[in-house]
Structures are given as C-alpha cells and as structure tokens.
$ cat input.cif   # mmCIF, C-alpha atoms
data_final
#
loop_
_atom_site.label_atom_id
_atom_site.label_comp_id
_atom_site.auth_asym_id
_atom_site.auth_seq_id
_atom_site.Cartn_x
_atom_site.Cartn_y
_atom_site.Cartn_z
CA MET A 17 -57.78 27.46 21.48
CA LYS A 18 -56.23 30.78 20.60
CA LYS A 19 -56.63 33.56 23.13
CA TYR A 20 -55.26 37.08 23.21
CA LEU A 21 -54.51 39.68 25.80
CA PHE A 22 -56.63 42.35 24.22
CA ILE A 23 -54.25 45.23 24.85
CA ALA A 24 -51.42 43.28 23.26
CA ALA A 25 -53.70 42.34 20.39
CA THR A 26 -54.52 45.98 20.01
CA LEU A 27 -50.89 46.93 19.74
CA LEU A 28 -51.52 45.63 17.13
CA LEU A 29 -52.45 42.00 16.66
CA ALA A 30 -48.86 41.61 15.68
CA GLY A 31 -45.27 41.21 16.79
CA LEU A 32 -42.34 43.52 17.19
CA VAL A 33 -40.67 45.77 14.64
CA SER A 34 -37.05 46.39 15.47
CA CYS A 35 -36.14 50.05 15.49
CA GLU A 36 -32.51 50.62 16.28
CA LYS A 37 -31.85 53.64 18.41
CA GLY A 38 -28.48 55.33 18.13
CA ASP A 39 -26.66 58.57 18.54
CA LYS A 40 -27.77 61.58 16.56
CA ASN A 41 -25.79 62.14 13.39
CA GLU A 42 -23.26 64.92 13.54
CA ASN A 43 -23.90 66.32 10.06
CA LYS A 44 -24.00 70.08 10.25
CA GLY A 45 -26.36 72.34 8.33
CA PHE A 46 -29.45 70.15 8.64
CA THR A 47 -32.64 71.66 10.05
CA PRO A 48 -36.00 70.36 11.32
CA PRO A 49 -38.27 69.18 8.48
CA ALA A 50 -40.53 71.55 6.58
CA GLN A 51 -43.48 69.26 7.33
CA LYS A 52 -45.52 68.58 4.20
CA GLU A 53 -42.93 70.11 1.88
CA SER A 54 -40.35 67.48 2.80
CA ALA A 55 -42.65 64.44 3.09
CA VAL A 56 -41.91 61.66 0.58
CA LYS A 57 -42.39 57.92 0.19
CA PHE A 58 -40.56 55.55 -2.13
CA THR A 59 -40.45 51.80 -2.62
CA VAL A 60 -37.67 49.75 -4.17
CA PRO A 61 -38.86 47.28 -6.87
CA GLU A 62 -38.34 43.64 -5.93
CA ALA A 63 -35.82 43.04 -8.72
CA GLN A 64 -33.75 45.99 -7.51
CA VAL A 65 -33.87 44.72 -3.94
CA GLU A 66 -32.46 41.39 -5.12
CA ALA A 67 -29.76 43.21 -7.08
CA GLN A 68 -28.37 44.87 -3.94
CA THR A 69 -25.12 43.22 -2.85
CA GLY A 70 -24.90 44.31 0.77
CA THR A 71 -25.76 42.26 3.84
CA VAL A 72 -28.73 44.56 4.49
CA LYS A 73 -31.13 45.09 1.58
CA TYR A 74 -33.16 48.31 1.49
CA LEU A 75 -36.86 48.04 0.59
CA GLY A 76 -37.84 51.72 0.56
CA PHE A 77 -37.89 55.02 2.40
CA GLU A 78 -40.50 57.38 3.81
CA ALA A 79 -40.25 60.77 5.50
CA THR A 80 -43.55 61.68 7.14
CA GLU A 81 -45.09 65.14 7.52
CA ALA A 82 -44.48 64.97 11.26
CA GLY A 83 -40.72 64.45 11.05
CA LEU A 84 -40.37 60.66 11.30
CA TYR A 85 -38.54 58.46 8.81
CA ILE A 86 -39.13 54.79 8.00
CA ILE A 87 -36.51 52.59 6.35
CA PRO A 88 -37.78 49.02 5.81
CA THR A 89 -34.93 46.56 5.26
CA SER A 90 -34.40 42.82 4.93
CA THR A 91 -33.36 42.68 8.60
CA GLY A 92 -36.04 44.89 10.15
CA THR A 93 -37.54 48.37 10.01
CA ARG A 94 -35.82 51.50 11.25
CA ILE A 95 -38.05 54.32 12.51
CA GLY A 96 -36.83 57.60 13.96
CA LYS A 97 -36.64 61.37 13.58
CA TYR A 98 -35.05 63.17 10.67
CA ASN A 99 -33.74 66.61 9.72
CA ILE A 100 -33.33 67.96 6.21
CA ASP A 101 -30.79 69.90 4.20
CA PRO A 102 -32.46 73.32 3.64
CA LYS A 103 -30.70 73.53 0.28
CA ASN A 104 -31.98 70.11 -0.78
CA LEU A 105 -35.37 69.04 0.63
CA LYS A 106 -34.74 65.49 -0.59
CA LYS A 107 -31.63 64.96 1.54
CA PHE A 108 -32.39 63.59 4.99
CA ASP A 109 -30.27 63.23 8.11
CA CYS A 110 -31.89 60.21 9.80
CA GLU A 111 -31.23 59.92 13.51
CA GLY A 112 -29.59 56.61 14.39
CA PHE A 113 -28.97 55.70 10.73
CA GLY A 114 -27.16 58.22 8.54
CA ILE A 115 -27.97 60.11 5.34
CA VAL A 116 -30.66 59.28 2.78
CA GLU A 117 -30.82 61.25 -0.46
CA ILE A 118 -33.50 61.07 -3.16
CA VAL A 119 -32.14 61.87 -6.64
CA ALA A 120 -34.35 62.59 -9.66
CA LEU A 121 -33.55 60.87 -12.93
CA SER A 122 -34.96 61.45 -16.43
CA ARG A 123 -36.63 64.78 -15.64
CA ALA A 124 -38.05 63.52 -12.35
CA THR A 125 -40.02 60.67 -13.93
CA SER A 126 -37.75 58.12 -12.26
CA TRP A 127 -35.71 58.17 -9.08
CA LYS A 128 -32.89 56.60 -7.15
CA ILE A 129 -32.19 56.51 -3.43
CA ILE A 130 -28.72 56.81 -1.95
CA PHE A 131 -28.52 55.20 1.50
CA THR A 132 -25.40 56.15 3.46
CA PRO A 133 -25.38 54.52 6.90
CA LYS A 134 -23.13 56.23 9.40
CA ASN A 135 -19.47 55.25 8.88
CA GLU A 136 -20.36 53.04 5.90
CA SER A 137 -20.17 53.32 2.12
CA PRO A 138 -23.26 54.58 0.21
CA ILE A 139 -25.66 52.18 -1.45
CA GLU A 140 -27.63 53.35 -4.52
CA THR A 141 -30.82 51.76 -5.82
CA PRO A 142 -33.60 52.73 -8.25
CA ALA A 143 -36.91 53.52 -6.55
CA THR A 144 -40.58 54.20 -7.31
CA GLU A 145 -42.41 57.16 -5.80
CA VAL A 146 -45.58 56.55 -3.79
CA GLU A 147 -48.13 59.32 -4.26
CA LYS A 148 -50.37 60.75 -1.56
CA VAL A 149 -53.57 58.87 -0.80
CA THR A 150 -56.41 60.10 -2.99
CA PRO A 151 -59.37 60.89 -0.66
CA LYS A 152 -62.65 59.21 -1.55
CA ASN A 153 -64.46 62.55 -1.33
CA ASP A 154 -64.26 66.05 0.19
CA LYS A 155 -65.28 64.82 3.66
CA VAL A 156 -62.42 62.34 3.73
CA ALA A 157 -60.04 65.03 2.43
CA LYS A 158 -61.02 67.35 5.28
CA LEU A 159 -60.71 64.60 7.86
CA LEU A 160 -57.33 63.58 6.49
CA ASP A 161 -56.09 67.15 6.75
CA GLN A 162 -57.03 67.12 10.45
CA ILE A 163 -55.44 63.79 11.42
CA VAL A 164 -52.13 63.81 9.51
CA ASN A 165 -49.77 64.34 12.43
CA THR A 166 -47.81 62.69 15.23
CA TRP A 167 -50.11 62.39 18.24
CA LYS A 168 -48.92 62.02 21.85
CA ILE A 169 -50.86 59.57 24.03
CA GLU A 170 -52.40 61.39 27.02
CA LYS A 171 -54.86 58.80 28.30
CA THR A 172 -55.88 55.23 27.54
CA ILE A 173 -59.37 53.82 28.17
CA ILE A 174 -60.05 50.08 27.89
CA THR A 175 -63.30 48.12 27.94
CA ILE A 176 -64.13 44.41 27.92
CA SER A 177 -67.54 42.85 27.33
CA GLY A 178 -68.72 39.32 26.60
CA ASP A 179 -70.99 36.38 27.33
CA ASP A 180 -70.54 35.79 31.06
CA LEU A 181 -68.42 38.81 31.90
CA ALA A 182 -69.77 40.77 34.83
CA LYS A 183 -71.40 44.02 33.78
CA GLU A 184 -69.20 46.11 36.06
CA LEU A 185 -66.12 44.87 34.21
CA GLY A 186 -67.53 46.12 30.93
CA VAL A 187 -67.36 49.69 32.18
CA ALA A 188 -64.55 51.79 30.72
CA HIS A 189 -61.43 51.90 32.87
CA GLY A 190 -59.04 54.82 32.29
CA PHE A 191 -55.28 55.17 32.64
CA ASP A 192 -53.11 58.28 32.35
CA GLY A 193 -50.92 58.08 29.24
CA CYS A 194 -50.54 54.50 28.06
CA SER A 195 -48.69 52.70 30.83
CA LEU A 196 -49.00 49.11 29.73
CA PRO A 197 -47.55 47.73 32.99
CA GLU A 198 -50.42 49.45 34.83
CA ILE A 199 -52.93 48.10 32.32
CA LYS A 200 -51.32 44.68 32.71
CA ASP A 201 -52.13 44.65 36.45
CA TYR A 202 -55.76 45.48 35.69
CA VAL A 203 -56.09 42.79 33.04
CA GLU A 204 -54.36 40.23 35.26
CA GLY A 205 -57.08 40.80 37.83
CA LEU A 206 -59.72 40.07 35.21
CA ALA A 207 -57.85 36.98 34.06
CA LYS A 208 -57.80 35.49 37.56
CA ASN A 209 -61.56 35.88 37.88
CA TYR A 210 -62.56 34.90 34.36
CA LYS A 211 -59.76 32.56 33.35
CA PHE A 212 -58.73 33.84 29.94
CA ASP A 213 -55.10 33.37 29.00
CA PHE A 214 -52.74 36.05 27.80
CA ASP A 215 -49.13 36.82 27.07
CA PHE A 216 -48.03 40.37 27.91
CA THR A 217 -44.98 42.52 27.27
CA GLY A 218 -44.89 45.72 29.30
CA TYR A 219 -44.08 48.49 26.85
CA VAL A 220 -45.30 52.08 27.10
CA VAL A 221 -46.80 53.64 23.97
CA GLU A 222 -45.36 57.07 23.19
CA ASP A 223 -47.13 58.33 20.06
CA VAL A 224 -49.15 57.54 16.94
CA THR A 225 -48.30 58.94 13.49
CA ILE A 226 -50.59 59.13 10.45
CA SER A 227 -49.16 60.19 7.08
CA GLU A 228 -50.74 61.44 3.85
CA ARG A 229 -49.20 58.51 2.00
CA GLY A 230 -51.19 55.94 3.91
CA THR A 231 -48.71 55.04 6.64
CA PHE A 232 -49.69 54.29 10.25
CA ILE A 233 -47.00 54.19 12.98
CA ILE A 234 -47.17 53.39 16.69
CA ARG A 235 -43.97 54.06 18.65
CA PHE A 236 -43.04 52.87 22.12
CA LYS A 237 -40.73 54.54 24.61
CA GLY A 238 -37.58 52.64 23.85
CA GLN A 239 -36.59 50.86 20.67
CA GLU A 240 -39.80 49.36 19.32
CA ALA A 241 -42.42 50.53 16.83
CA TYR A 242 -45.15 49.17 14.59
CA ASN A 243 -45.87 50.46 11.11
CA GLY A 244 -48.35 49.60 8.38
CA GLU A 245 -51.04 51.06 6.14
CA TRP A 246 -54.49 52.53 6.77
CA GLU A 247 -57.69 53.11 4.80
CA LEU A 248 -60.04 55.90 5.93
CA ASN A 249 -63.78 56.46 5.51
CA GLU A 250 -65.66 59.78 5.74
CA ASP A 251 -67.21 58.91 9.12
CA GLY A 252 -63.77 58.40 10.64
CA THR A 253 -63.89 54.61 10.61
CA PHE A 254 -60.78 52.95 9.27
CA THR A 255 -59.02 49.66 8.65
CA TYR A 256 -55.30 49.21 9.05
CA GLU A 257 -52.92 46.42 8.19
CA LEU A 258 -49.60 46.31 10.00
CA SER A 259 -46.46 44.76 8.62
CA TYR A 260 -43.57 43.70 10.77
CA GLU A 261 -40.61 41.38 10.75
CA GLN A 262 -39.22 39.74 13.82
CA GLU A 263 -35.81 38.08 13.69
CA GLY A 264 -36.18 34.43 12.76
CA ASN A 265 -39.84 34.75 11.77
CA PRO A 266 -41.53 35.35 8.38
CA LEU A 267 -43.35 38.58 7.57
CA VAL A 268 -46.73 38.61 9.31
CA ASN A 269 -49.65 40.99 8.79
CA GLY A 270 -52.22 42.09 11.37
CA LYS A 271 -55.52 43.78 10.58
CA ALA A 272 -57.97 45.67 12.75
CA THR A 273 -60.74 48.24 12.54
CA GLY A 274 -61.43 51.36 14.52
CA LYS A 275 -62.44 55.00 14.42
CA ILE A 276 -60.57 58.29 14.68
CA VAL A 277 -62.25 61.53 15.80
CA PRO A 278 -60.22 64.78 15.73
CA ASN A 279 -61.17 68.02 17.50
CA GLU A 280 -59.70 71.07 15.74
CA LYS A 281 -60.61 73.48 18.55
CA THR A 282 -58.73 71.58 21.26
CA GLY A 283 -56.00 70.04 19.10
CA THR A 284 -56.95 66.59 20.39
CA CYS A 285 -57.93 63.32 18.78
CA ASP A 286 -59.57 60.08 19.96
CA LEU A 287 -58.40 56.84 18.37
CA THR A 288 -60.59 53.80 19.07
CA ILE A 289 -59.37 50.30 18.15
CA ASN A 290 -61.64 47.24 18.17
CA VAL A 291 -60.13 43.96 19.36
CA THR A 292 -61.03 40.40 20.32
CA VAL A 293 -60.09 39.46 23.87
CA ASP A 294 -61.07 35.80 23.77
CA SER A 295 -62.88 34.52 20.69
CA ASP A 296 -63.96 31.27 22.37
CA LYS A 297 -65.87 33.15 25.08
CA ASN A 298 -67.01 35.93 22.76
CA TYR A 299 -65.12 38.52 24.79
CA LYS A 300 -64.56 41.74 22.86
CA GLY A 301 -62.79 44.90 23.81
CA THR A 302 -61.95 48.41 22.74
CA VAL A 303 -58.93 50.54 23.46
CA ILE A 304 -59.33 54.31 23.16
CA PHE A 305 -56.19 56.41 22.90
CA LYS A 306 -56.91 60.03 23.85
CA MET A 307 -54.23 61.97 21.98
CA LYS A 308 -52.89 65.49 21.61
CA ASN A 309 -50.54 66.98 19.00
#

$ encode --input "input.cif" --output "structure tokens"
Amino acid sequence: MKKYLFIAATLLLAGLVSCEKGDKNENKGFTPPAQKESAVKFTVPEAQVEAQTGTVKYLGFEATEAGLYIIPTSTGTRIGKYNIDPKNLKKFDCEGFGIVEIVALSRATSWKIIFTPKNESPIETPATEVEKVTPKNDKVAKLLDQIVNTWKIEKTIITISGDDLAKELGVAHGFDGCSLPEIKDYVEGLAKNYKFDFDFTGYVVEDVTISERGTFIIRFKGQEAYNGEWELNEDGTFTYELSYEQEGNPLVNGKATGKIVPNEKTGTCDLTINVTVDSDKNYKGTVIFKMKN
C-alpha cells in the first residue's frame, strides 16, 4: 500500500537533485545576465556524451531568462546563478561551477560547448540547440510572457479532502512563505487522527523558475533543487514532468498537473499543484504557492 505525504509528493512526486553550492567565481568583467538576450538551452547528443573521457559527463546546459543556469551531468544536476561576459553573451560565469562558453560552428548551424570547471581543464563537446517553446496560440503566448520568471514564495496554502476526512480539515490552511517544517507539524497532526503514513524531509522552498524553453525549476534554501519540463494550456492549466538523479538510484520521472494564474498589476502569481495524499483512502490535496517576482 503506497502512501505519500502530500506536500512531499507535491515537491514534486520525486527525489532529490543534487545542486552543489560553492564560492562565487572570481572571474572579472562578468555582469548580471541580460535576461532574454542571454537565455539559451543546449543538449549533448547521447553519442557525444559517451565520447567524453572525464569522470563527469556533461549532458547539456541552460541559462534561463531569470539568471539561473542548469548543468545536467552523469553525477547529478548543478543549478545556480550566472553572470555573462558583456562582450560575449554566450560566455557564462556559473556560480559554484566555473565557465561555460557556447561556440558557433559552421555559420551557427551547429555548436559546441566548452565546460571549464573551476581549477580544472576545459572539456569540449558538440551540442544541439533547443529552441523556445512554440505557443499553441496567442493566448498561450501572452500567458507565457507573463509567467517566464523566477518567482519568490510568499505564502503556501494546503488543502486535504477525501472519503472519511472531517470537513473542517478540508479547509485551506495557510503558511507564510513555504516553511516545510511548519507544514510538517500540521500534517503530522492529521496523520495521528486519520492514520495515513508519510515520510518527510524538512526543506524550505525558496523560489520557482519557468523558462521559455520549457524548463521548470523549484529551488530550496540550501543545496537542493528540482528541475524538469512543463506543458502549458491557454487557461493556465499545465502538466510537468520532473527529472532527477539521486546517487545510487536510476533516473526517475515524476508527473503532476496544476494551474498557474499571474496578475500583471500586482506582479504576483498563484501556482496550484494537484497531488494524491493517500490513494487507498481517496485522499487528495492541493498546494498553492502564492508567489511574487
């Protein structure tokens, strides 16, 4: 009988992505990113991954519009902030990693990536560019323009409902920010009364990032983050699939549905995620992140 702590399942029906946190690089001359102008995403073809001779194999690189980089590797995924070389918008100073440079080949119809971890020799590999997501229609295009950002979590609201769950426990319960230890105490109280099992790790969610190239990132205060891909509909409903790799475990994917509602006037956004609390008892839940850019 498989049961989930719904907040853990929300974040996000998956395991942990390692994100190594280190000192800022000391390269001079780099500046904060130019947002959309410096955003890129590349993948490394499987054959080229296998051809790499280092201990760590690089699978791709993305620089988001909101100033975060993602470097998926054979040993985990690095996520952090980046700066750029103002003279070369495809040269990135990645905090906690080193330098990544995108080099055009054959009149910019093919590319290579040069990864230079701090205090290590550079590694070059051919790469394939990932284009921006093509919106299904004008409504989706407008919505996408509003939600592409890094959003700070200001408040978290959780609900649980199900077969024999008392009505008063189905009422939304709010928390400032997203303090998972505080939410843990609340859910533990429900568990004692209604006997559903859970396993909980007390992280605090810091922000959510959505990129034009279909990437979805949730970062925690500390060294952990989740990343994956999203698909958006014109009414704001979406599906995402998260990829992660935990040491000693195979790659696992988690899927969920939800809805995102931005408010241009206030610069805020509500992200609702649908989860299953306990499938055997038909308990369902939602987690609403109230966010601000």

$ resolve_selection --input "input.cif" --expression "the PyMOL selection byres ((chain A and resi 134) around 8)" --output "number ranges by chain"
A: 41, 113-115, 132-133, 135-136

$ closest_atom_pairs --input "input.cif" --of "region 47-136 of chain A" --to "region 223-242 of chain A" --cutoff "12 Å" --atoms "all atoms listed in the file" --output "CSV"
residue,atom,partner,partner_atom,distance
A:Gln51,CA,A:Ser227,CA,10.7
A:Lys52,CA,A:Glu228,CA,8.9
A:Glu53,CA,A:Glu228,CA,11.8
A:Ala55,CA,A:Glu228,CA,8.7
A:Val56,CA,A:Arg229,CA,8.1
A:Lys57,CA,A:Arg229,CA,7.1
A:Phe58,CA,A:Arg229,CA,10.0
A:Thr59,CA,A:Arg229,CA,12.0
A:Phe77,CA,A:Thr231,CA,11.6
A:Glu78,CA,A:Arg229,CA,9.0
A:Ala79,CA,A:Ser227,CA,9.1
A:Thr80,CA,A:Ser227,CA,5.8
A:Glu81,CA,A:Ser227,CA,6.4
A:Ala82,CA,A:Thr225,CA,7.5
A:Gly83,CA,A:Thr225,CA,9.7
A:Leu84,CA,A:Thr225,CA,8.4
A:Tyr85,CA,A:Ile233,CA,10.4
A:Ile86,CA,A:Ile233,CA,9.3
A:Pro88,CA,A:Tyr242,CA,11.5
A:Gly92,CA,A:Ala241,CA,10.8
A:Thr93,CA,A:Ala241,CA,8.7
A:Arg94,CA,A:Ala241,CA,8.7
A:Ile95,CA,A:Ala241,CA,7.2
A:Gly96,CA,A:Arg235,CA,9.2
A:Lys97,CA,A:Arg235,CA,11.5
A:Gly112,CA,A:Gln239,CA,11.0

$ closest_residue --input "input.cif" --among "A:Gly76, A:Pro61, A:Gly252, A:Pro102" --to "Val156 (chain A)" --atoms "all atoms listed in the file"
A:Gly252

$ atom_distance --input "input.cif" --atom1 "CA of Trp167 (chain A)" --atom2 "CA of Glu222 (chain A)"
8.7 Å

$ resolve_selection --input "input.cif" --expression "the PyMOL selection byres ((chain A and resi 139-141) around 9)" --output "PyMOL selection string"
chain A and resi 60+64-65+67-68+70+74+127-133+137-138+142-143

$ resolve_selection --input "input.cif" --expression "the PyMOL selection byres ((chain A and resi 272-287) around 9)" --output "NGL selection string"
:A and (26 or 28-29 or 159 or 162-163 or 167 or 248 or 251-258 or 270-271 or 288-291 or 302-309)

$ closest_residue --input "input.cif" --among "A:Thr172, A:Glu111, A:Asn249, A:Val116" --to "Leu160 (chain A)" --atoms "all atoms listed in the file"
A:Asn249

$ closest_residue --input "input.cif" --among "A:Glu66, A:Glu247, A:Glu117, A:Thr166" --to "Asp101 (chain A)" --atoms "only C-alpha atoms"
A:Glu117

$ axis_aligned_box --input "input.cif" --around "region 159-168 of chain A" --padding-each-side "8 Å" --output "JSON"
{"center_x": -54.3, "center_y": 64.6, "center_z": 14.2, "size_x": 28.9, "size_y": 21.1, "size_z": 31.4}

$ atom_distance --input "input.cif" --atom1 "CA of Lys168 (chain A)" --atom2 "CA of Glu245 (chain A)"
19.3 Å

$ atom_distance --input "input.cif" --atom1 "CA of Leu75 (chain A)" --atom2 "CA of Leu105 (chain A)"
21.1 Å

$ decode --input "input.cif" --residues "region 120-155 of chain A" --atoms "N, CA and C atoms" --output "PDB file, in the first residue's frame"
ATOM      1  N   ALA A 120      29.767  28.896 -31.789  1.00  0.00           N
ATOM      2  CA  ALA A 120      29.075  28.560 -33.037  1.00  0.00           C
ATOM      3  C   ALA A 120      30.045  27.930 -34.027  1.00  0.00           C
ATOM      4  N   LEU A 121      29.572  26.907 -34.702  1.00  0.00           N
ATOM      5  CA  LEU A 121      30.338  26.244 -35.754  1.00  0.00           C
ATOM      6  C   LEU A 121      29.536  26.275 -37.046  1.00  0.00           C
ATOM      7  N   SER A 122      30.187  26.239 -38.176  1.00  0.00           N
ATOM      8  CA  SER A 122      29.508  26.148 -39.480  1.00  0.00           C
ATOM      9  C   SER A 122      28.408  27.190 -39.622  1.00  0.00           C
ATOM     10  N   ARG A 123      28.780  28.463 -39.446  1.00  0.00           N
ATOM     11  CA  ARG A 123      27.834  29.570 -39.611  1.00  0.00           C
ATOM     12  C   ARG A 123      26.630  29.456 -38.676  1.00  0.00           C
ATOM     13  N   ALA A 124      26.899  29.034 -37.478  1.00  0.00           N
ATOM     14  CA  ALA A 124      25.878  28.953 -36.417  1.00  0.00           C
ATOM     15  C   ALA A 124      24.784  27.927 -36.686  1.00  0.00           C
ATOM     16  N   THR A 125      25.061  26.947 -37.530  1.00  0.00           N
ATOM     17  CA  THR A 125      24.103  25.856 -37.722  1.00  0.00           C
ATOM     18  C   THR A 125      24.442  24.670 -36.828  1.00  0.00           C
ATOM     19  N   SER A 126      25.617  24.687 -36.247  1.00  0.00           N
ATOM     20  CA  SER A 126      25.997  23.678 -35.262  1.00  0.00           C
ATOM     21  C   SER A 126      26.817  24.365 -34.180  1.00  0.00           C
ATOM     22  N   TRP A 127      26.938  23.689 -33.041  1.00  0.00           N
ATOM     23  CA  TRP A 127      27.517  24.333 -31.859  1.00  0.00           C
ATOM     24  C   TRP A 127      28.396  23.372 -31.079  1.00  0.00           C
ATOM     25  N   LYS A 128      29.250  23.947 -30.246  1.00  0.00           N
ATOM     26  CA  LYS A 128      29.950  23.164 -29.248  1.00  0.00           C
ATOM     27  C   LYS A 128      29.917  23.928 -27.931  1.00  0.00           C
ATOM     28  N   ILE A 129      30.013  23.184 -26.839  1.00  0.00           N
ATOM     29  CA  ILE A 129      30.049  23.784 -25.513  1.00  0.00           C
ATOM     30  C   ILE A 129      31.425  23.502 -24.904  1.00  0.00           C
ATOM     31  N   ILE A 130      31.996  24.520 -24.302  1.00  0.00           N
ATOM     32  CA  ILE A 130      33.254  24.361 -23.581  1.00  0.00           C
ATOM     33  C   ILE A 130      32.959  24.522 -22.090  1.00  0.00           C
ATOM     34  N   PHE A 131      33.047  23.423 -21.359  1.00  0.00           N
ATOM     35  CA  PHE A 131      32.856  23.446 -19.902  1.00  0.00           C
ATOM     36  C   PHE A 131      34.226  23.569 -19.236  1.00  0.00           C
ATOM     37  N   THR A 132      34.388  24.579 -18.405  1.00  0.00           N
ATOM     38  CA  THR A 132      35.656  24.748 -17.682  1.00  0.00           C
ATOM     39  C   THR A 132      35.367  24.870 -16.190  1.00  0.00           C
ATOM     40  N   PRO A 133      35.291  23.736 -15.490  1.00  0.00           N
ATOM     41  CA  PRO A 133      35.086  23.807 -14.035  1.00  0.00           C
ATOM     42  C   PRO A 133      36.240  24.548 -13.374  1.00  0.00           C
ATOM     43  N   LYS A 134      35.949  25.189 -12.265  1.00  0.00           N
ATOM     44  CA  LYS A 134      36.964  25.969 -11.573  1.00  0.00           C
ATOM     45  C   LYS A 134      38.174  25.099 -11.220  1.00  0.00           C
ATOM     46  N   ASN A 135      39.356  25.584 -11.585  1.00  0.00           N
ATOM     47  CA  ASN A 135      40.629  24.911 -11.310  1.00  0.00           C
ATOM     48  C   ASN A 135      40.782  23.579 -12.034  1.00  0.00           C
ATOM     49  N   GLU A 136      40.032  23.394 -13.132  1.00  0.00           N
ATOM     50  CA  GLU A 136      40.149  22.167 -13.923  1.00  0.00           C
ATOM     51  C   GLU A 136      40.336  22.509 -15.394  1.00  0.00           C
ATOM     52  N   SER A 137      40.739  21.530 -16.179  1.00  0.00           N
ATOM     53  CA  SER A 137      40.942  21.726 -17.610  1.00  0.00           C
ATOM     54  C   SER A 137      39.590  21.773 -18.324  1.00  0.00           C
ATOM     55  N   PRO A 138      39.498  22.508 -19.445  1.00  0.00           N
ATOM     56  CA  PRO A 138      38.234  22.598 -20.190  1.00  0.00           C
ATOM     57  C   PRO A 138      37.869  21.288 -20.871  1.00  0.00           C
ATOM     58  N   ILE A 139      36.579  21.080 -21.019  1.00  0.00           N
ATOM     59  CA  ILE A 139      36.050  19.920 -21.733  1.00  0.00           C
ATOM     60  C   ILE A 139      35.143  20.429 -22.842  1.00  0.00           C
ATOM     61  N   GLU A 140      35.417  20.038 -24.089  1.00  0.00           N
ATOM     62  CA  GLU A 140      34.624  20.477 -25.237  1.00  0.00           C
ATOM     63  C   GLU A 140      33.751  19.336 -25.737  1.00  0.00           C
ATOM     64  N   THR A 141      32.532  19.680 -26.166  1.00  0.00           N
ATOM     65  CA  THR A 141      31.640  18.666 -26.707  1.00  0.00           C
ATOM     66  C   THR A 141      30.654  19.303 -27.677  1.00  0.00           C
ATOM     67  N   PRO A 142      30.351  18.654 -28.796  1.00  0.00           N
ATOM     68  CA  PRO A 142      29.302  19.153 -29.701  1.00  0.00           C
ATOM     69  C   PRO A 142      27.964  19.192 -28.971  1.00  0.00           C
ATOM     70  N   ALA A 143      27.086  20.099 -29.397  1.00  0.00           N
ATOM     71  CA  ALA A 143      25.795  20.252 -28.728  1.00  0.00           C
ATOM     72  C   ALA A 143      24.722  20.666 -29.725  1.00  0.00           C
ATOM     73  N   THR A 144      23.469  20.426 -29.350  1.00  0.00           N
ATOM     74  CA  THR A 144      22.312  20.763 -30.183  1.00  0.00           C
ATOM     75  C   THR A 144      21.481  21.818 -29.474  1.00  0.00           C
ATOM     76  N   GLU A 145      21.120  22.887 -30.182  1.00  0.00           N
ATOM     77  CA  GLU A 145      20.357  23.961 -29.566  1.00  0.00           C
ATOM     78  C   GLU A 145      18.898  23.553 -29.401  1.00  0.00           C
ATOM     79  N   VAL A 146      18.313  23.952 -28.286  1.00  0.00           N
ATOM     80  CA  VAL A 146      16.890  23.740 -28.013  1.00  0.00           C
ATOM     81  C   VAL A 146      16.176  25.074 -28.199  1.00  0.00           C
ATOM     82  N   GLU A 147      15.235  25.122 -29.117  1.00  0.00           N
ATOM     83  CA  GLU A 147      14.530  26.364 -29.397  1.00  0.00           C
ATOM     84  C   GLU A 147      13.493  26.676 -28.317  1.00  0.00           C
ATOM     85  N   LYS A 148      12.993  27.898 -28.330  1.00  0.00           N
ATOM     86  CA  LYS A 148      11.931  28.286 -27.415  1.00  0.00           C
ATOM     87  C   LYS A 148      10.681  27.458 -27.693  1.00  0.00           C
ATOM     88  N   VAL A 149       9.880  27.276 -26.666  1.00  0.00           N
ATOM     89  CA  VAL A 149       8.605  26.578 -26.832  1.00  0.00           C
ATOM     90  C   VAL A 149       7.716  27.376 -27.770  1.00  0.00           C
ATOM     91  N   THR A 150       7.110  26.706 -28.727  1.00  0.00           N
ATOM     92  CA  THR A 150       6.176  27.367 -29.643  1.00  0.00           C
ATOM     93  C   THR A 150       4.786  27.373 -29.012  1.00  0.00           C
ATOM     94  N   PRO A 151       4.245  28.540 -28.650  1.00  0.00           N
ATOM     95  CA  PRO A 151       2.918  28.589 -28.015  1.00  0.00           C
ATOM     96  C   PRO A 151       1.844  28.010 -28.930  1.00  0.00           C
ATOM     97  N   LYS A 152       0.841  27.369 -28.313  1.00  0.00           N
ATOM     98  CA  LYS A 152      -0.234  26.764 -29.086  1.00  0.00           C
ATOM     99  C   LYS A 152      -1.076  27.815 -29.792  1.00  0.00           C
ATOM    100  N   ASN A 153      -1.190  28.994 -29.193  1.00  0.00           N
ATOM    101  CA  ASN A 153      -1.959  30.082 -29.790  1.00  0.00           C
ATOM    102  C   ASN A 153      -1.572  31.395 -29.109  1.00  0.00           C
ATOM    103  N   ASP A 154      -2.243  32.488 -29.483  1.00  0.00           N
ATOM    104  CA  ASP A 154      -1.896  33.810 -28.944  1.00  0.00           C
ATOM    105  C   ASP A 154      -2.143  33.907 -27.441  1.00  0.00           C
ATOM    106  N   LYS A 155      -3.186  33.218 -26.946  1.00  0.00           N
ATOM    107  CA  LYS A 155      -3.484  33.263 -25.518  1.00  0.00           C
ATOM    108  C   LYS A 155      -2.355  32.632 -24.707  1.00  0.00           C
TER     109      LYS A 155
END
